[in-house]
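> Pasting a structure below so you can have a look.
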Amino acid sequence: MSAAENAGLRAAVAKAAAVLEEAADTGVPCPPVRGLLPEADVLTAYAVQRRHVERALAQGRRPVGRKIGLTSPAVQRQLGVDQPDYGVLFADMAVPEGQPIAPGRLLQPKVEAEVALVLGADLPHGDPTVADLLRATAFALPALEIVDSRIAGWDITIVDTVADNASCGLFVLGGTPVPLDRVDLRAVTMTLGRNGETVSTGTGTDCLGSPLTAALWLASTLAGLGDPLHAGDVILTGALGPMAVATEGDSFTAHIEGLGTVSTAFTTPDTEGTPA
């Protein structure tokens, strides 16, 4: 690639990042960004994502882990890819259980239930084994990921979602840690309810065959890029079933066998009667 082509690509990456940032800042979804990128491939999309991360770090936001997306074979086929993707989790994305999510905080939220792993040791090697991952993982938790898209109508390809930090929004972790020797993550079953009605079901095998397989892919990919996972990182390993649209007033509860339950609600806190 010539110097002029390189400069053009860098400008396009910066433009795509700016469009996504404006959508996030204004709350107005933007058109897909894939058309802005002359090399509309996954590597270019990750370059856009890195611009987002650099901006977030400059603003003082603290990274706390990663999320894995596109772990469903059906979704991979839909987007024409044969591997997952990842995005960066920041501390301000974590919503404590019991704290409502205010209307308008997200643009187009959808909820999915998944297994979260919390690391107790670094995973610096580019070829980690299952044994390495098991030793490095402090515990697992049930989790709700509230995905969001800055792109209007979720009109996305793999390029759009990767550029948009893998459609990260918020996440909620359950409160009871479970060591991995007490649960078979391949065999877990998941039920996600919205306002008391089941809207999604799945199993551990629906996440690339196992949430551990997804986590191994992430650990290997990041170590190969020189940006490995570290002790304390949260890994959202990917959806165990279809996502569900969230609107104001909705409440969600996920039960994952062997890990317990986790809940969240999209409501304004009730301050009526609170002393002034």
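Going through the structure tokens in order, the chains are called A, B, and so on, while each chain numbers its residues from 1 and the ligands are numbered from 1 in the order shown.
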Can you tell me which residues surround Pro73 (chain A) at a distance of at most 12 Å, considering only C-alpha atoms, apart from same-chain residues fewer than 2 positions away, and format the answer as a list in words?

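Once the adjacent positions are removed, what remains is Gly69, Leu70, Thr71, Val75, Gln76, Arg77, Gln78, Leu79, Gly80, Val81, Asp82, Gln83, Pro84, Thr205, Asp206, Cys207, Leu208, Gly209, Gly238, Ala239, Leu240, Gly241 and Pro242 of chain A.
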
> Keeping C-alpha atoms, export the residues of the selection given above as a short mmCIF file (atom, residue, chain, number, x, y, z; two decimals), in the first residue's frame.


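Heads up, here's the output in selection_38.cif:
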```cif
data_model
loop_
_atom_site.label_atom_id
_atom_site.label_comp_id
_atom_site.auth_asym_id
_atom_site.auth_seq_id
_atom_site.Cartn_x
_atom_site.Cartn_y
_atom_site.Cartn_z
CA GLY A 69 -19.47 -11.70 20.52
CA LEU A 70 -20.62 -13.76 17.54
CA THR A 71 -20.31 -17.04 19.43
CA VAL A 75 -25.20 -15.46 13.80
CA GLN A 76 -21.78 -16.13 12.25
CA ARG A 77 -23.48 -17.50 9.15
CA GLN A 78 -25.79 -14.50 9.04
CA LEU A 79 -22.85 -12.07 9.03
CA GLY A 80 -20.65 -14.23 6.79
CA VAL A 81 -17.85 -14.85 9.30
CA ASP A 82 -16.25 -17.94 10.78
CA GLN A 83 -14.92 -16.59 14.07
CA PRO A 84 -16.09 -14.55 17.08
CA THR A 205 -22.75 -25.81 24.12
CA ASP A 206 -24.53 -23.02 22.23
CA CYS A 207 -21.51 -20.79 22.97
CA LEU A 208 -18.89 -22.19 20.57
CA GLY A 209 -19.38 -25.60 22.16
CA GLY A 238 -20.88 -14.92 24.78
CA ALA A 239 -24.61 -15.43 24.63
CA LEU A 240 -26.11 -18.79 25.57
CA GLY A 241 -29.30 -18.02 23.64
CA PRO A 242 -31.00 -15.38 21.48
#
```

> I'd like the neighbourhood of Phe90 (chain A) as a PyMOL selection string, where a residue qualifies if any of its atoms comes within 9 Å (using only C-alpha atoms), though same-chain residues fewer than 6 positions away should be ignored.

chain A and resi 56+61-66+170

> Just write the chosen residues, C-alpha atoms, as a short mmCIF file (atom, residue, chain, number, x, y, z; two decimals), in the first residue's frame.


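File written: selection_11.cif
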```
data_model
loop_
_atom_site.label_atom_id
_atom_site.label_comp_id
_atom_site.auth_asym_id
_atom_site.auth_seq_id
_atom_site.Cartn_x
_atom_site.Cartn_y
_atom_site.Cartn_z
CA ALA A 56 -11.98 6.30 26.34
CA ARG A 61 -12.28 5.43 31.70
CA ARG A 62 -10.90 2.24 33.23
CA PRO A 63 -10.84 -1.03 31.26
CA VAL A 64 -11.95 -4.04 33.30
CA GLY A 65 -12.07 -6.87 30.77
CA ARG A 66 -13.41 -8.03 27.41
CA LEU A 170 -23.61 -2.43 29.82
#
```

> From the set A:Ala102, A:Gly8, A:Val234, A:Val13, which residue has the shortest atom-to-atom contact distance to Asp41 (chain A), counting only C-alpha atoms?

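Among the listed residues, A:Val13 lies closest to Asp41 (chain A).
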
> Tell me, in Å to one decimal, how far CA of Arg150 (chain A) is from CA of Arg194 (chain A).

23.4 Å

> Would you please give, as a ChimeraX atom specification, all residues of region 25-235 of chain A that DSSP assigns to strand (DSSP E or B) based on the backbone?

/A:30,63-69,85-90,94,110-119,123,137-147,151,170-173,178,189-194,197-203,229,234-235

> Would you write out those residues with C-alpha atoms, as a tab-separated table (two decimals), in the first residue's frame?


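Produced file out-v9.tsv, reproduced below:
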```
chain	number	residue	atom	x	y	z
A	30	CYS	CA	-25.84	6.77	12.83
A	63	PRO	CA	-10.84	-1.03	31.26
A	64	VAL	CA	-11.95	-4.04	33.30
A	65	GLY	CA	-12.07	-6.87	30.77
A	66	ARG	CA	-13.41	-8.03	27.41
A	67	LYS	CA	-16.61	-9.30	25.88
A	68	ILE	CA	-16.84	-11.96	23.22
A	69	GLY	CA	-19.47	-11.70	20.52
A	85	ASP	CA	-15.21	-10.94	17.77
A	86	TYR	CA	-14.34	-9.01	20.91
A	87	GLY	CA	-14.73	-5.62	22.52
A	88	VAL	CA	-13.41	-3.81	25.58
A	89	LEU	CA	-15.36	-3.55	28.84
A	90	PHE	CA	-14.99	-0.43	30.98
A	94	ALA	CA	-20.86	-2.39	35.03
A	110	LYS	CA	-30.98	-5.83	23.82
A	111	VAL	CA	-30.33	-8.32	26.61
A	112	GLU	CA	-28.54	-11.65	26.48
A	113	ALA	CA	-27.58	-14.10	29.22
A	114	GLU	CA	-24.10	-15.52	29.44
A	115	VAL	CA	-21.35	-16.92	31.62
A	116	ALA	CA	-18.80	-14.45	33.00
A	117	LEU	CA	-15.33	-15.56	34.03
A	118	VAL	CA	-13.16	-13.52	36.40
A	119	LEU	CA	-9.45	-14.18	36.13
A	123	LEU	CA	-2.95	-15.42	30.51
A	137	THR	CA	-9.89	-18.41	36.37
A	138	ALA	CA	-10.81	-17.42	39.91
A	139	PHE	CA	-14.55	-18.04	39.48
A	140	ALA	CA	-17.57	-17.87	37.20
A	141	LEU	CA	-20.74	-15.80	37.54
A	142	PRO	CA	-24.07	-15.55	35.74
A	143	ALA	CA	-24.20	-12.37	33.70
A	144	LEU	CA	-26.52	-10.22	31.65
A	145	GLU	CA	-24.95	-8.32	28.81
A	146	ILE	CA	-26.99	-5.39	27.58
A	147	VAL	CA	-25.72	-4.96	24.05
A	151	ILE	CA	-25.86	2.14	14.22
A	170	LEU	CA	-23.61	-2.43	29.82
A	171	PHE	CA	-23.30	-5.60	31.87
A	172	VAL	CA	-24.65	-6.98	35.13
A	173	LEU	CA	-22.88	-9.68	37.14
A	178	VAL	CA	-18.71	-20.26	41.65
A	189	THR	CA	-28.81	-24.60	30.81
A	190	MET	CA	-30.02	-21.01	30.62
A	191	THR	CA	-33.45	-19.42	30.84
A	192	LEU	CA	-33.93	-15.69	30.31
A	193	GLY	CA	-37.21	-14.11	31.38
A	194	ARG	CA	-38.63	-10.69	30.53
A	197	GLU	CA	-42.16	-14.58	30.53
A	198	THR	CA	-39.43	-16.77	29.07
A	199	VAL	CA	-37.91	-15.09	26.00
A	200	SER	CA	-34.66	-17.01	25.50
A	201	THR	CA	-33.20	-20.41	26.35
A	202	GLY	CA	-29.92	-22.12	25.61
A	203	THR	CA	-27.05	-24.22	26.91
A	229	LEU	CA	-5.69	-10.87	29.52
A	234	VAL	CA	-13.89	-9.94	33.49
A	235	ILE	CA	-14.61	-12.05	30.41
```

> So that I can check the surroundings of His125 (chain A), please list as an NGL selection string every protein, DNA and RNA residue that reaches within 10 Å of it, counting only C-alpha atoms and ignoring chain neighbours fewer than 2 positions away.

:A and (122-123 or 127-129 or 132 or 219-224 or 226 or 228-229)

> Would you put the residues from that selection into a file with C-alpha atoms, as a PDB file, in the first residue's frame?


```pdb
ATOM      1  CA  ASP A 122      -2.605 -13.488  33.781  1.00  0.00           C
ATOM      2  CA  LEU A 123      -2.949 -15.419  30.508  1.00  0.00           C
ATOM      3  CA  ASP A 127      -1.282 -20.916  22.856  1.00  0.00           C
ATOM      4  CA  PRO A 128      -3.156 -21.335  26.153  1.00  0.00           C
ATOM      5  CA  THR A 129      -4.568 -24.718  27.059  1.00  0.00           C
ATOM      6  CA  ASP A 132      -4.064 -22.849  31.727  1.00  0.00           C
ATOM      7  CA  ALA A 219      -6.938 -15.394  25.370  1.00  0.00           C
ATOM      8  CA  SER A 220      -5.000 -16.700  22.380  1.00  0.00           C
ATOM      9  CA  THR A 221      -6.063 -13.852  20.084  1.00  0.00           C
ATOM     10  CA  LEU A 222      -5.181 -11.096  22.554  1.00  0.00           C
ATOM     11  CA  ALA A 223      -1.860 -12.651  23.560  1.00  0.00           C
ATOM     12  CA  GLY A 224      -0.951 -12.896  19.878  1.00  0.00           C
ATOM     13  CA  GLY A 226       0.574  -8.348  22.549  1.00  0.00           C
ATOM     14  CA  PRO A 228      -3.051 -10.328  26.900  1.00  0.00           C
ATOM     15  CA  LEU A 229      -5.692 -10.875  29.525  1.00  0.00           C
TER      16      LEU A 229
END
```

> Suppose you want the space between CA of Gln108 (chain A) and CA of Thr237 (chain A); what is it in Å?

21.4 Å

> Here is a test: counting only C-alpha atoms, which residue of A:Leu57, A:Val159, A:Val95, A:Ala244 is nearest to Leu37 (chain A)?

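Answer, going by the shortest atom-to-atom distance: A:Val159.
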
> For each of A:Leu134, A:Leu216, A:Val48, A:Cys168, take the minimum atom-to-atom distance to Leu106 (chain A), counting only C-alpha atoms, then give the residue where this is smallest.

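Going through A:Leu134, A:Leu216, A:Val48, A:Cys168 one by one, the smallest distance to Leu106 (chain A) is for A:Cys168.
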
> Which residue, A:Gly196, A:Ser149, A:Pro96, A:Ala231, has the smallest gap to Val162 (chain A) when you use only C-alpha atoms?

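Ranking A:Gly196, A:Ser149, A:Pro96, A:Ala231 by distance to Val162 (chain A), first place goes to A:Ser149.
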
> Which of these, A:Gly120, A:Gly104, A:Gly260, A:Gly126, has the shortest distance to Gly174 (chain A) once you count only C-alpha atoms?

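With only C-alpha atoms as the atom set, the closest residue is A:Gly260.
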
> CA of Ser251 (chain A) and CA of Pro211 (chain A), how far apart in Å?

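Rounded to one decimal, the two atoms are 25.2 Å apart.
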
> If you run DSSP on this backbone, which residues of region 77-123 of chain A come out as helix (DSSP H, G or I), and could you give them as a list in words?

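Here is the list: Arg77, Gln78, Leu79, Ala91, Asp92 and Met93 of chain A.
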
> Convert the current residue selection to file output with C-alpha atoms, as a tab-separated table (two decimals), in the first residue's frame.


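File result-v3.tsv, as written:
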```tsv
chain	number	residue	atom	x	y	z
A	77	ARG	CA	-23.48	-17.50	9.15
A	78	GLN	CA	-25.79	-14.50	9.04
A	79	LEU	CA	-22.85	-12.07	9.03
A	91	ALA	CA	-15.80	0.03	34.65
A	92	ASP	CA	-18.60	2.48	33.89
A	93	MET	CA	-20.40	-0.24	31.90
```

> Tell me, as a ChimeraX atom specification, which residues lie within 9 Å of His52 (chain A), counting only C-alpha atoms; anything in the same chain fewer than 6 positions away does not count.

/A:17-18,20-21,163-165

> Could you check the closest approach to Leu259 (chain A) for each of A:Lys15, A:Arg182, A:His230, A:Arg135 and tell me which residue wins, using only C-alpha atoms?

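Closest candidate: A:Arg182.
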